[in-house]
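Working notes, structure below.
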Protein chains: 2
Amino acid sequence: MIPRLYIDASLEAGVAAPLSAAQTHYLKNVLRRSVGDELRLFNGRDGEFGAEIAELKKRGGIAAVKEQTRKQDAEADLALCFAPVKRGALEHIIQKATEIGATQFIPVITERTVAPKLNLERLQAIATEAAEQCGRLSNPTICAPVKLSALIANWPPGRGLMFCDEAGDDETAEWGGQEGRAAPVLEALKSIDRNADSWAVLTGPEGGFTLAERSLLRDAEIVTPVTLGPRILRADTAALAALVLVQAAWGDWRRR
Amino acid sequence: MIPRLYIDASLEAGVAAPLSAAQTHYLKNVLRRSVGDELRLFNGRDGEFGAEIAELKKRGGIAAVKEQTRKQDAEADLALCFAPVKRGALEHIIQKATEIGATQFIPVITERTVAPKLNLERLQAIATEAAEQCGRLSNPTICAPVKLSALIANWPPGRGLMFCDEAGDDETAEWGGQEGRAAPVLEALKSIDRNADSWAVLTGPEGGFTLAERSLLRDAEIVTPVTLGPRILRADTAALAALVLVQAAWGDWRRR
């Protein structure tokens, strides 16, 4: 197994790339690598390069960059907007969603969000590690938390939003009679004529969205409400299921 | 929140249903319920019933069964055949796959399975708890582990098998030239004219399947090999993604 590392510096054959103290610790003490051992490096812009460990010191190291091993590919913009949940489930969402291909994580504060103190640096580290291990050429972005109303008010034009309108909410009956508003997820994905270049998925807190929040979402033109089956999914299951379906229907899971 | 419990006994209005010692402990000491409090009960056969706690003792209790609250619905047979992984990831698979709707779990021993000692009782308890919480009317079955060769040799006629043929395996190139054998997952699901009454998903161990195993699988008529995108998914991510896609394309996630 050749270790893959994300670095921020520019990559081209022949340059010396800096390794952080955390990276040298990981290479030396976790993976037991030493000077001369092989690496793969990517930075989200220049593709992936082979490299050789040239220096491993406590405060950092140096990698000698060699030939490009993969070209940077265009990546569809896929954001996960999620109401923060308990730490275990949250870290799980970040890791799995990175593997599935989310490019941006936006914590959303809703009325029923039991707002935990988010350690954004730790979440970024989890995303970066997952990106390194799953073979991605990019590192997902962790955004600062934003209120749901502000998220919708400042929504970027042209980015669609798939709203997972969970069953199991007491207020579900409110839209029971409005045929066709929340459709089964693949039906909804098929009915939209869109080559998802920019898309986002929104999942709620354990207690669901309030009636006012659901009304706000359903009134927004960019929003496609979908259902994810008849059972009550935990917040992390719903987030990952929605991302899987977007990737399989519109994203890079269609590639041979 | 009205607690939902799975019990084995028959359910009909007016009967007294036995509660196990574990259930009375959970009701009394975790949820702080007492005699007279409401329950929901299901047994996988008779639908869901309202009930009232009639007795809560250390060795067990009794619930007075009242009216039926939901009718038993026909459930599509959806098995997850999975190479056992580390405990955390394994328990995670069982919990999430139960929410997604898997009806049967079959641990599969492959050549590269680092065979852990499986605690089938604990896995069953996790599945049952997830079934209770997600509102299912059935309790998934945990099967005893079986070798891959035996699994395929004794495959039930008429049950399809979706084989997640992971990228990232060194031997992938072996089938690189055989156009159309492993298709992107939704393409494969669309191309099969089947109203999935009986279906299964197979995911491999962390090290992937061996060349001989992949050959065995690809030669079996019941097998549909699929790919799950260009990134390397962990075993638990792959299992859940595959189940989500089967449910959304063929299963009860299509229902309004």
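Labels used: A, B, ... for chains in the order of the structure tokens, numbers from 1 for residues in each chain, and numbers from 1 for ligands as shown.
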Notebook entry, point to check: Could you pull the residues within 9 Å of range 215-231 of chain A, counting only C-alpha atoms, minus those fewer than 3 positions along the same chain, as an NGL selection string?
Noted result: (:A and (149 or 152 or 155 or 157-168 or 181-189 or 192 or 210-212 or 238 or 241-242)) or (:B and (99-101 or 134-136 or 247-248 or 251-256))
Selected residues written out, N, CA and C atoms, as a compact mmCIF listing (two decimals), in the first residue's frame:
# COMPACT_ATOMS: atom_id res chain seq x y z
N SER A 149 -32.71 29.53 7.34
CA SER A 149 -33.30 30.66 6.61
C SER A 149 -32.23 31.39 5.80
N ILE A 152 -31.15 29.32 2.65
CA ILE A 152 -32.08 29.40 1.52
C ILE A 152 -32.07 30.81 0.91
N TRP A 155 -28.98 31.23 -1.40
CA TRP A 155 -28.69 30.05 -2.21
C TRP A 155 -28.09 30.44 -3.56
N PRO A 157 -27.48 30.74 -7.37
CA PRO A 157 -28.38 30.47 -8.49
C PRO A 157 -27.85 29.27 -9.28
N GLY A 158 -28.75 28.42 -9.72
CA GLY A 158 -28.35 27.29 -10.56
C GLY A 158 -28.00 26.03 -9.79
N ARG A 159 -27.92 26.11 -8.47
CA ARG A 159 -27.65 24.90 -7.71
C ARG A 159 -28.98 24.35 -7.19
N GLY A 160 -29.27 23.11 -7.54
CA GLY A 160 -30.50 22.48 -7.09
C GLY A 160 -30.36 21.98 -5.66
N LEU A 161 -31.48 21.81 -4.98
CA LEU A 161 -31.45 21.32 -3.60
C LEU A 161 -32.47 20.20 -3.43
N MET A 162 -31.98 19.01 -3.15
CA MET A 162 -32.86 17.87 -2.90
C MET A 162 -33.13 17.82 -1.40
N PHE A 163 -34.38 18.00 -1.05
CA PHE A 163 -34.80 18.09 0.36
C PHE A 163 -35.40 16.74 0.77
N CYS A 164 -34.74 16.07 1.71
CA CYS A 164 -35.21 14.76 2.16
C CYS A 164 -36.32 14.98 3.17
N ASP A 165 -37.54 14.83 2.72
CA ASP A 165 -38.72 15.12 3.52
C ASP A 165 -39.15 13.83 4.20
N GLU A 166 -38.53 13.58 5.33
CA GLU A 166 -38.68 12.33 6.06
C GLU A 166 -40.12 11.96 6.39
N ALA A 167 -40.42 10.71 6.23
CA ALA A 167 -41.65 10.20 6.81
C ALA A 167 -41.43 10.17 8.33
N GLY A 168 -42.45 9.99 9.07
CA GLY A 168 -42.29 9.89 10.51
C GLY A 168 -42.42 11.22 11.22
N ARG A 181 -45.99 16.49 -4.58
CA ARG A 181 -45.02 17.44 -4.05
C ARG A 181 -43.76 16.74 -3.58
N ALA A 182 -43.89 15.70 -2.78
CA ALA A 182 -42.70 14.93 -2.42
C ALA A 182 -42.81 13.57 -3.08
N ALA A 183 -41.94 13.33 -4.04
CA ALA A 183 -42.02 12.10 -4.82
C ALA A 183 -40.96 11.11 -4.34
N PRO A 184 -41.18 9.81 -4.62
CA PRO A 184 -40.12 8.84 -4.35
C PRO A 184 -38.84 9.31 -5.04
N VAL A 185 -37.72 9.10 -4.40
CA VAL A 185 -36.49 9.79 -4.78
C VAL A 185 -36.06 9.55 -6.23
N LEU A 186 -36.08 8.32 -6.72
CA LEU A 186 -35.61 8.12 -8.10
C LEU A 186 -36.58 8.70 -9.11
N GLU A 187 -37.86 8.66 -8.77
CA GLU A 187 -38.88 9.28 -9.63
C GLU A 187 -38.60 10.79 -9.73
N ALA A 188 -38.32 11.40 -8.60
CA ALA A 188 -38.01 12.84 -8.58
C ALA A 188 -36.75 13.14 -9.38
N LEU A 189 -35.73 12.31 -9.22
CA LEU A 189 -34.47 12.55 -9.93
C LEU A 189 -34.66 12.40 -11.44
N ILE A 192 -36.50 15.47 -13.28
CA ILE A 192 -35.82 16.75 -13.42
C ILE A 192 -34.80 16.63 -14.54
N THR A 210 -39.48 21.67 11.34
CA THR A 210 -40.77 22.16 11.81
C THR A 210 -41.65 22.46 10.60
N LEU A 211 -42.93 22.67 10.89
CA LEU A 211 -43.88 22.97 9.83
C LEU A 211 -43.45 24.22 9.06
N ALA A 212 -43.00 25.25 9.78
CA ALA A 212 -42.58 26.50 9.14
C ALA A 212 -41.36 26.27 8.24
N ALA A 238 -30.09 8.74 6.25
CA ALA A 238 -30.79 9.53 5.23
C ALA A 238 -29.80 10.34 4.39
N ALA A 241 -27.84 7.94 2.08
CA ALA A 241 -28.72 7.38 1.06
C ALA A 241 -28.99 8.42 -0.04
N ALA A 242 -29.26 9.64 0.36
CA ALA A 242 -29.57 10.69 -0.62
C ALA A 242 -28.36 10.97 -1.51
N GLU B 99 -32.67 -0.40 8.72
CA GLU B 99 -33.47 0.79 8.41
C GLU B 99 -33.79 0.85 6.91
N ILE B 100 -32.82 0.51 6.09
CA ILE B 100 -33.00 0.59 4.64
C ILE B 100 -33.97 -0.48 4.17
N GLY B 101 -34.05 -1.59 4.92
CA GLY B 101 -35.07 -2.58 4.61
C GLY B 101 -34.57 -3.99 4.31
N CYS B 134 -37.21 1.97 13.59
CA CYS B 134 -37.47 2.55 12.27
C CYS B 134 -38.90 2.30 11.80
N GLY B 135 -39.70 1.62 12.63
CA GLY B 135 -41.10 1.44 12.29
C GLY B 135 -41.40 0.25 11.39
N ARG B 136 -40.45 -0.68 11.27
CA ARG B 136 -40.71 -1.88 10.47
C ARG B 136 -41.74 -2.77 11.13
N GLN B 247 -33.40 -0.71 -3.20
CA GLN B 247 -34.69 -0.27 -2.64
C GLN B 247 -35.30 0.88 -3.46
N ALA B 248 -34.45 1.83 -3.87
CA ALA B 248 -34.97 2.98 -4.61
C ALA B 248 -35.41 2.59 -6.02
N GLY B 251 -37.52 -1.50 -4.90
CA GLY B 251 -38.16 -1.86 -3.64
C GLY B 251 -39.20 -0.87 -3.17
N ASP B 252 -39.41 -0.82 -1.87
CA ASP B 252 -40.53 -0.04 -1.35
C ASP B 252 -40.25 1.46 -1.27
N TRP B 253 -39.03 1.87 -1.68
CA TRP B 253 -38.77 3.30 -1.75
C TRP B 253 -39.45 3.93 -2.98
N ARG B 254 -40.04 3.10 -3.83
CA ARG B 254 -40.76 3.64 -5.00
C ARG B 254 -42.16 4.10 -4.63
N ARG B 255 -42.65 3.61 -3.45
CA ARG B 255 -44.02 3.93 -3.04
C ARG B 255 -44.20 5.39 -2.68
N ARG B 256 -45.34 5.92 -3.01
CA ARG B 256 -45.72 7.26 -2.54
C ARG B 256 -46.30 7.16 -1.16
Note to self: If you run DSSP on the backbone here, which positions in range 16-247 of chain B get strand (DSSP E)? Please write them as a PyMOL selection string.
What the structure shows: chain B and resi 16-19+38-42+48-57+60-70+77-82+104-109+141-142+146-147+160-164+183-184+198-203+223-227
Check: Neighbours of Leu151 in chain A within 10 Å (only C-alpha atoms; same-chain residues fewer than 5 positions away dropped), as a list in words?
Finding: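 Counting only C-alpha atoms, the residues come to Cys81, Ile106, Pro107, Val108, Ile109, Pro145, Val146 and Pro156 of chain A.
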Item checked: Nearby residues (only C-alpha atoms) at most 9 Å from Ile94 in chain A, same-chain spacing under 6 positions excluded, as a list of chain:residue names -> A:Ala102, A:Phe105, A:Leu123, A:Gln124, A:Ile126, A:Ala127, A:Ala130
Margin query: Based on the backbone DSSP call, show me all residues of range 38-155 of chain B assigned helix (DSSP H, G or I), as a ChimeraX atom specification.
Written below: /B:87-100,120-134,148-153
